[in-house]
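S.K.: So here's run30.pdb (PDB, C-alpha atoms).
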```pdb
ATOM      1  CA  MET R 260     -30.426 -11.006  16.782  1.00  0.00           C
ATOM      2  CA  ARG R 261     -28.004 -11.100  13.853  1.00  0.00           C
ATOM      3  CA  ILE R 262     -25.398 -13.854  13.717  1.00  0.00           C
ATOM      4  CA  ALA R 263     -22.067 -12.890  12.163  1.00  0.00           C
ATOM      5  CA  ALA R 264     -21.035 -15.073   9.271  1.00  0.00           C
ATOM      6  CA  ARG R 265     -17.840 -17.045   9.817  1.00  0.00           C
ATOM      7  CA  PRO R 266     -14.874 -16.093   7.649  1.00  0.00           C
ATOM      8  CA  LEU R 267     -14.479 -18.249   4.564  1.00  0.00           C
ATOM      9  CA  PRO R 268     -11.609 -20.721   4.855  1.00  0.00           C
ATOM     10  CA  ILE R 269      -8.677 -20.183   2.513  1.00  0.00           C
ATOM     11  CA  VAL R 270      -6.720 -23.352   1.788  1.00  0.00           C
ATOM     12  CA  VAL R 271      -3.389 -23.523  -0.046  1.00  0.00           C
ATOM     13  CA  ARG R 272      -1.885 -26.779  -1.348  1.00  0.00           C
ATOM     14  CA  PRO R 273       1.126 -27.428  -3.582  1.00  0.00           C
ATOM     15  CA  ARG R 274       0.494 -28.092  -7.239  1.00  0.00           C
ATOM     16  CA  PRO R 275       1.186 -31.818  -7.852  1.00  0.00           C
ATOM     17  CA  GLY R 276       4.785 -32.292  -8.979  1.00  0.00           C
ATOM     18  CA  ARG R 277       5.609 -28.580  -8.559  1.00  0.00           C
ATOM     19  CA  PRO R 278       6.357 -27.828  -4.886  1.00  0.00           C
ATOM     20  CA  ALA R 279       6.997 -24.079  -5.415  1.00  0.00           C
ATOM     21  CA  GLU R 280       3.646 -23.593  -7.157  1.00  0.00           C
ATOM     22  CA  GLY R 281       0.360 -23.798  -5.355  1.00  0.00           C
ATOM     23  CA  LEU R 282      -3.400 -23.828  -5.667  1.00  0.00           C
ATOM     24  CA  LEU R 283      -5.500 -21.604  -3.423  1.00  0.00           C
ATOM     25  CA  TRP R 284      -9.082 -22.688  -2.665  1.00  0.00           C
ATOM     26  CA  LEU R 285     -11.671 -20.087  -1.691  1.00  0.00           C
ATOM     27  CA  ASP R 286     -15.417 -20.628  -1.643  1.00  0.00           C
ATOM     28  CA  GLY R 287     -15.378 -23.397  -4.248  1.00  0.00           C
ATOM     29  CA  GLN R 288     -13.006 -21.561  -6.581  1.00  0.00           C
ATOM     30  CA  VAL R 289      -9.370 -22.454  -7.262  1.00  0.00           C
ATOM     31  CA  PHE R 290      -6.676 -19.887  -8.011  1.00  0.00           C
ATOM     32  CA  PRO R 291      -2.987 -20.382  -8.895  1.00  0.00           C
ATOM     33  CA  CYS R 292      -0.420 -19.089  -6.405  1.00  0.00           C
ATOM     34  CA  ALA R 293       3.318 -19.105  -5.822  1.00  0.00           C
ATOM     35  CA  LEU R 294       4.952 -20.713  -2.801  1.00  0.00           C
ATOM     36  CA  GLY R 295       8.487 -20.630  -1.437  1.00  0.00           C
ATOM     37  CA  ALA R 296      11.274 -22.029  -3.606  1.00  0.00           C
ATOM     38  CA  GLY R 297      11.798 -24.641  -0.864  1.00  0.00           C
ATOM     39  CA  GLY R 298       8.192 -25.864  -1.080  1.00  0.00           C
ATOM     40  CA  ILE R 299       6.177 -26.344   2.111  1.00  0.00           C
ATOM     41  CA  THR R 300       7.838 -27.248   5.402  1.00  0.00           C
ATOM     42  CA  ALA R 301       6.713 -28.094   8.928  1.00  0.00           C
ATOM     43  CA  PHE R 302      10.116 -26.916  10.206  1.00  0.00           C
ATOM     44  CA  LYS R 303      10.355 -23.319   8.958  1.00  0.00           C
ATOM     45  CA  ARG R 304      13.721 -21.589   9.466  1.00  0.00           C
ATOM     46  CA  GLU R 305      14.868 -18.076   8.569  1.00  0.00           C
ATOM     47  CA  GLY R 306      16.242 -17.974   5.025  1.00  0.00           C
ATOM     48  CA  ASP R 307      15.218 -21.527   4.015  1.00  0.00           C
ATOM     49  CA  GLY R 308      12.948 -20.228   1.243  1.00  0.00           C
ATOM     50  CA  ALA R 309      10.095 -22.516   2.328  1.00  0.00           C
ATOM     51  CA  THR R 310       6.453 -21.728   3.030  1.00  0.00           C
ATOM     52  CA  PRO R 311       5.375 -22.761   6.545  1.00  0.00           C
ATOM     53  CA  LEU R 312       2.874 -25.589   6.915  1.00  0.00           C
ATOM     54  CA  GLY R 313      -0.128 -24.761   9.082  1.00  0.00           C
ATOM     55  CA  ALA R 314      -2.887 -22.287   9.798  1.00  0.00           C
ATOM     56  CA  MET R 315      -2.041 -18.593   9.851  1.00  0.00           C
ATOM     57  CA  ARG R 316      -4.446 -15.867  10.868  1.00  0.00           C
ATOM     58  CA  VAL R 317      -4.814 -12.798   8.708  1.00  0.00           C
ATOM     59  CA  LEU R 318      -3.815  -9.752  10.783  1.00  0.00           C
ATOM     60  CA  TRP R 319      -3.783  -6.588   8.633  1.00  0.00           C
ATOM     61  CA  GLY R 320      -2.640  -5.321   5.264  1.00  0.00           C
ATOM     62  CA  TYR R 321      -0.399  -2.729   3.677  1.00  0.00           C
ATOM     63  CA  TYR R 322      -1.009  -0.981   0.382  1.00  0.00           C
ATOM     64  CA  ARG R 323       1.081   1.256  -1.789  1.00  0.00           C
ATOM     65  CA  PRO R 324      -0.701   4.538  -2.508  1.00  0.00           C
ATOM     66  CA  GLY R 325      -2.277   4.538  -5.951  1.00  0.00           C
ATOM     67  CA  ARG R 326      -1.805   0.778  -6.401  1.00  0.00           C
ATOM     68  CA  GLY R 327      -4.158  -0.799  -3.890  1.00  0.00           C
ATOM     69  CA  PRO R 328      -6.148  -1.970  -2.091  1.00  0.00           C
ATOM     70  CA  GLY R 329      -8.450  -0.670  -4.832  1.00  0.00           C
ATOM     71  CA  ARG R 330     -11.602  -2.114  -3.290  1.00  0.00           C
ATOM     72  CA  PRO R 331     -13.115  -1.905   0.148  1.00  0.00           C
ATOM     73  CA  SER R 332     -12.132  -4.612   2.595  1.00  0.00           C
ATOM     74  CA  ARG R 333     -13.158  -5.425   6.149  1.00  0.00           C
ATOM     75  CA  LEU R 334      -9.494  -5.921   6.859  1.00  0.00           C
ATOM     76  CA  ALA R 335      -7.522  -3.007   8.317  1.00  0.00           C
ATOM     77  CA  PHE R 336      -5.119  -1.575   5.742  1.00  0.00           C
ATOM     78  CA  TRP R 337      -2.211   0.772   6.350  1.00  0.00           C
ATOM     79  CA  ARG R 338      -0.524   2.966   3.781  1.00  0.00           C
ATOM     80  CA  GLU R 339       3.018   1.928   2.888  1.00  0.00           C
ATOM     81  CA  THR R 340       5.481   4.737   3.297  1.00  0.00           C
ATOM     82  CA  SER R 341       9.014   4.920   1.946  1.00  0.00           C
ATOM     83  CA  ASP R 342      10.396   4.417   5.468  1.00  0.00           C
ATOM     84  CA  LEU R 343       8.432   1.227   6.227  1.00  0.00           C
ATOM     85  CA  GLY R 344      10.491  -1.924   6.635  1.00  0.00           C
ATOM     86  CA  TRP R 345      10.174  -5.387   8.196  1.00  0.00           C
ATOM     87  CA  CYS R 346      12.984  -6.718  10.405  1.00  0.00           C
ATOM     88  CA  ASP R 347      14.293 -10.176   9.421  1.00  0.00           C
ATOM     89  CA  ALA R 348      17.333 -10.295  11.739  1.00  0.00           C
ATOM     90  CA  PRO R 349      16.801 -13.147  14.252  1.00  0.00           C
ATOM     91  CA  GLY R 350      19.050 -11.523  16.873  1.00  0.00           C
ATOM     92  CA  ASP R 351      17.283  -8.154  16.807  1.00  0.00           C
ATOM     93  CA  ARG R 352      14.678  -7.156  19.398  1.00  0.00           C
ATOM     94  CA  ASN R 353      12.274  -6.206  16.565  1.00  0.00           C
ATOM     95  CA  TYR R 354      12.612  -9.529  14.734  1.00  0.00           C
ATOM     96  CA  ASN R 355       9.566 -10.228  12.555  1.00  0.00           C
ATOM     97  CA  ARG R 356       8.017  -6.814  13.159  1.00  0.00           C
ATOM     98  CA  PRO R 357       7.562  -3.634  11.152  1.00  0.00           C
ATOM     99  CA  VAL R 358      10.367  -1.100  11.582  1.00  0.00           C
ATOM    100  CA  ARG R 359      11.090   2.435  10.465  1.00  0.00           C
ATOM    101  CA  LEU R 360      13.896   2.838   7.917  1.00  0.00           C
ATOM    102  CA  PRO R 361      16.771   3.382   7.967  1.00  0.00           C
ATOM    103  CA  TYR R 362      17.189   0.469  10.368  1.00  0.00           C
ATOM    104  CA  ARG R 363      20.498  -0.911  11.640  1.00  0.00           C
ATOM    105  CA  ALA R 364      19.618  -4.636  11.487  1.00  0.00           C
ATOM    106  CA  SER R 365      18.726  -6.702   8.408  1.00  0.00           C
ATOM    107  CA  HIS R 366      15.286  -5.856   7.046  1.00  0.00           C
ATOM    108  CA  GLU R 367      13.037  -5.853   4.011  1.00  0.00           C
ATOM    109  CA  ARG R 368      11.825  -2.638   2.428  1.00  0.00           C
ATOM    110  CA  MET R 369       8.049  -2.732   2.041  1.00  0.00           C
ATOM    111  CA  GLN R 370       7.969  -0.354  -0.944  1.00  0.00           C
ATOM    112  CA  ARG R 371       9.688  -2.716  -3.358  1.00  0.00           C
ATOM    113  CA  PRO R 372      10.663  -1.760  -6.913  1.00  0.00           C
ATOM    114  CA  ASP R 373       9.111  -5.037  -8.186  1.00  0.00           C
ATOM    115  CA  HIS R 374       5.699  -4.069  -6.709  1.00  0.00           C
ATOM    116  CA  LEU R 375       5.167  -7.439  -4.965  1.00  0.00           C
ATOM    117  CA  TYR R 376       4.038  -5.645  -1.807  1.00  0.00           C
ATOM    118  CA  ASP R 377       1.732  -3.115  -3.491  1.00  0.00           C
ATOM    119  CA  MET R 378      -0.973  -5.116  -1.693  1.00  0.00           C
ATOM    120  CA  CYS R 379       0.432  -7.194   1.139  1.00  0.00           C
ATOM    121  CA  ILE R 380      -1.430  -9.087   3.877  1.00  0.00           C
ATOM    122  CA  VAL R 381       0.424  -9.798   7.129  1.00  0.00           C
ATOM    123  CA  LEU R 382      -0.028 -13.358   8.422  1.00  0.00           C
ATOM    124  CA  ASP R 383       0.584 -14.269  12.056  1.00  0.00           C
ATOM    125  CA  TRP R 384       3.442 -16.709  11.392  1.00  0.00           C
ATOM    126  CA  ASN R 385       5.942 -16.525  14.277  1.00  0.00           C
ATOM    127  CA  MET R 386       4.503 -13.274  15.616  1.00  0.00           C
ATOM    128  CA  ARG R 387       3.613 -13.771  19.286  1.00  0.00           C
ATOM    129  CA  PRO R 388       6.053 -14.677  20.517  1.00  0.00           C
ATOM    130  CA  ALA R 389       8.588 -14.270  17.733  1.00  0.00           C
ATOM    131  CA  ILE R 390      11.005 -17.184  18.070  1.00  0.00           C
ATOM    132  CA  ARG R 391      14.494 -16.338  16.799  1.00  0.00           C
ATOM    133  CA  GLY R 392      15.270 -18.011  13.506  1.00  0.00           C
ATOM    134  CA  ARG R 393      11.789 -19.508  12.961  1.00  0.00           C
ATOM    135  CA  GLY R 394      11.051 -17.306   9.952  1.00  0.00           C
ATOM    136  CA  SER R 395       9.875 -13.764   9.361  1.00  0.00           C
ATOM    137  CA  ALA R 396       7.912 -11.642   6.922  1.00  0.00           C
ATOM    138  CA  ILE R 397       5.496 -14.394   5.899  1.00  0.00           C
ATOM    139  CA  PHE R 398       2.918 -12.515   3.855  1.00  0.00           C
ATOM    140  CA  LEU R 399       0.158 -13.034   1.313  1.00  0.00           C
ATOM    141  CA  HIS R 400       1.273 -10.710  -1.485  1.00  0.00           C
ATOM    142  CA  LEU R 401       1.275 -10.174  -5.249  1.00  0.00           C
ATOM    143  CA  ALA R 402       2.988 -12.758  -7.444  1.00  0.00           C
ATOM    144  CA  ARG R 403       5.829 -12.310  -9.893  1.00  0.00           C
ATOM    145  CA  PRO R 404       5.036 -12.963 -13.563  1.00  0.00           C
ATOM    146  CA  GLY R 405       4.674 -16.695 -14.165  1.00  0.00           C
ATOM    147  CA  TYR R 406       4.168 -17.308 -10.413  1.00  0.00           C
ATOM    148  CA  ARG R 407       7.894 -17.612  -9.827  1.00  0.00           C
ATOM    149  CA  PRO R 408       8.772 -18.810  -6.290  1.00  0.00           C
ATOM    150  CA  THR R 409       8.725 -16.577  -3.231  1.00  0.00           C
ATOM    151  CA  GLU R 410      11.092 -16.514  -0.247  1.00  0.00           C
ATOM    152  CA  GLY R 411       8.442 -18.376   1.781  1.00  0.00           C
ATOM    153  CA  CYS R 412       5.275 -16.328   1.319  1.00  0.00           C
ATOM    154  CA  VAL R 413       2.101 -17.145  -0.610  1.00  0.00           C
ATOM    155  CA  ALA R 414       1.704 -14.922  -3.684  1.00  0.00           C
ATOM    156  CA  VAL R 415      -1.307 -14.434  -5.962  1.00  0.00           C
ATOM    157  CA  SER R 416      -2.217 -12.371  -9.010  1.00  0.00           C
ATOM    158  CA  ARG R 417      -3.586  -8.848  -8.571  1.00  0.00           C
ATOM    159  CA  ARG R 418      -6.985 -10.089  -9.736  1.00  0.00           C
ATOM    160  CA  THR R 419      -7.010 -12.893  -7.148  1.00  0.00           C
ATOM    161  CA  MET R 420      -5.879 -10.477  -4.417  1.00  0.00           C
ATOM    162  CA  LEU R 421      -8.774  -8.156  -5.239  1.00  0.00           C
ATOM    163  CA  ARG R 422     -11.140 -11.145  -4.935  1.00  0.00           C
ATOM    164  CA  LEU R 423      -9.593 -12.105  -1.590  1.00  0.00           C
ATOM    165  CA  LEU R 424      -9.926  -8.552  -0.280  1.00  0.00           C
ATOM    166  CA  GLN R 425     -13.700  -8.844  -0.681  1.00  0.00           C
ATOM    167  CA  VAL R 426     -13.849 -11.709   1.840  1.00  0.00           C
ATOM    168  CA  LEU R 427     -10.806 -11.273   4.118  1.00  0.00           C
ATOM    169  CA  ARG R 428     -11.422  -9.876   7.569  1.00  0.00           C
ATOM    170  CA  PRO R 429      -9.928 -10.137  11.016  1.00  0.00           C
ATOM    171  CA  GLY R 430     -10.241 -13.785  12.014  1.00  0.00           C
ATOM    172  CA  SER R 431      -9.778 -15.125   8.493  1.00  0.00           C
ATOM    173  CA  VAL R 432      -7.375 -18.063   8.344  1.00  0.00           C
ATOM    174  CA  LEU R 433      -5.071 -19.106   5.537  1.00  0.00           C
ATOM    175  CA  ARG R 434      -4.273 -22.814   5.928  1.00  0.00           C
ATOM    176  CA  VAL R 435      -1.218 -24.178   4.110  1.00  0.00           C
ATOM    177  CA  CYS R 436      -1.507 -27.955   3.670  1.00  0.00           C
ATOM    178  CA  ARG R 437       0.483 -30.670   1.918  1.00  0.00           C
TER     179      ARG R 437
END
```
Take the structure from the file and write it as structure tokens.

M.R.:
Amino acid sequence: MRIAARPLPIVVRPRPGRPAEGLLWLDGQVFPCALGAGGITAFKREGDGATPLGAMRVLWGYYRPGRGPGRPSRLAFWRETSDLGWCDAPGDRNYNRPVRLPYRASHERMQRPDHLYDMCIVLDWNMRPAIRGRGSAIFLHLARPGYRPTEGCVAVSRRTMLRLLQVLRPGSVLRVCR
């Protein structure tokens, strides 16, 4: 009988003295990452620019054709299309869910011109049930140059993302700590 290996824990902590920058630990290695401009919070609210404190399960990923995922992953990946969006309107029935564009309520476009979502992992923050105003679109995605702050997500370099894709699978947990 073969015993399935447990997913490797992924731990994110703020860089000392720099609350919008983080360090991501994976299997004894440390990688730089970007956090929300508001640092880490236990009381996440829509639009506060903070990264939520706590454990978030990895659900699935999106990739932009020709730009990712680049390597095989045990994680389910879906192709980003030009009409893929993510609703961030707390009063909408599709709050914190993927939507088809054009969409009447406030939303993010997944095919961004800055390429941050060329490889994007959906985390289960505020998913089931989605509580109005508790935050939406919390992803693990690609970082801006210089690891500039996110709107509340965790962002890593392309090279780090490719490393993560080798070990991420359903059941993997990203734990954001202080």

S.K.: What box, with edges along x, y and z, holds each listed atom of stretch 354-370 of chain R when 8 Å is added on every side, and can you state its centre and edge lengths in Å to one decimal, as lines of an AutoDock Vina configuration file?

M.R.:
```
center_x = 14.0
center_y = -3.4
center_z = 6.9
size_x = 28.9
size_y = 29.6
size_z = 31.7
```

S.K.: R:Cys436, R:Leu423, R:Ala364, R:Cys412: which is nearest R:Gly394, counting all atoms listed in the file?

M.R.: R:Cys412

S.K.: Check what the PyMOL selection byres ((chain R and resi 437) around 8) selects in the file above and give those residues as a list in words.

M.R.: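 The output of the PyMOL selection byres ((chain R and resi 437) around 8) on this file is Arg272, Pro273, Ile299, Leu312, Val435 and Cys436 of chain R.
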
S.K.: How would the residues just picked look written out with C-alpha atoms as a CSV table (one decimal), keeping the file's coordinate frame?

M.R.:
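Dumped everything to result_21.csv:
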```
chain,number,residue,atom,x,y,z
R,272,ARG,CA,-1.9,-26.8,-1.3
R,273,PRO,CA,1.1,-27.4,-3.6
R,299,ILE,CA,6.2,-26.3,2.1
R,312,LEU,CA,2.9,-25.6,6.9
R,435,VAL,CA,-1.2,-24.2,4.1
R,436,CYS,CA,-1.5,-28.0,3.7
```

S.K.: Any chance you could work out the residue set of the PyMOL selection byres ((chain R and resi 417) around 9) here, as an MDAnalysis selection string?

M.R.: chainID R and resid 378 400:402 415:416 418:422

S.K.: Atom CA of R:Arg391 and atom CA of R:Ala296, how far apart in Å?

M.R.: 21.4 Å

S.K.: Compare R:Cys379, R:Ala293, R:Leu433, R:Ile269 by their minimum atom-to-atom distance to R:Arg326, counting only C-alpha atoms, and give me the closest one.

M.R.: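 Once distances to R:Arg326 are computed over only C-alpha atoms, the minimum belongs to R:Cys379.
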
S.K.: Using all atoms listed in the file, which residue out of R:Val289, R:Leu424, R:Ala396, R:Ile380 lies closest to R:Glu410?

M.R.: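 Checking each of R:Val289, R:Leu424, R:Ala396, R:Ile380 against R:Glu410, counting all atoms listed in the file, the winner is R:Ala396.
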
S.K.: Select, from R:Gly306, R:Arg403, R:Gly295, R:Tyr321, the residue with the minimum atom-to-atom distance to R:Asp373, counting only C-alpha atoms.

M.R.: R:Arg403

S.K.: From the options R:Gly344, R:Gly298, R:Pro311, R:Pro404, which residue's atoms come nearest to R:Glu367, counting all atoms listed in the file?

M.R.: R:Gly344

S.K.: Restricting the calculation to only C-alpha atoms: of R:Ala279, R:Met369, R:Val317, R:Leu267, which residue gets closest to R:Leu334?

M.R.: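 Looking at the shortest contact to R:Leu334, the residue is R:Val317.
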
S.K.: What's the 8 Å shell around R:His366, counting only C-alpha atoms, without same-chain residues fewer than 6 positions away, as an NGL selection string?

M.R.: :R and (344-348)

S.K.: To one decimal in Å, tell me the separation between atom CA of R:Met315 and atom CA of R:Ser431.

M.R.: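 Separating atom CA of R:Met315 from atom CA of R:Ser431 is a distance of 8.6 Å.
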
S.K.: Residues at most 12 Å from R:Ser341, counting only C-alpha atoms, excluding those fewer than 3 positions away in the same chain, as a list of chain:residue names?

M.R.: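 With the cut-off at 12 Å, the set is R:Tyr322, R:Arg323, R:Pro324, R:Arg338, R:Gly344, R:Val358, R:Arg359, R:Leu360, R:Pro361, R:Glu367, R:Arg368, R:Met369, R:Gln370, R:Arg371, R:Pro372.
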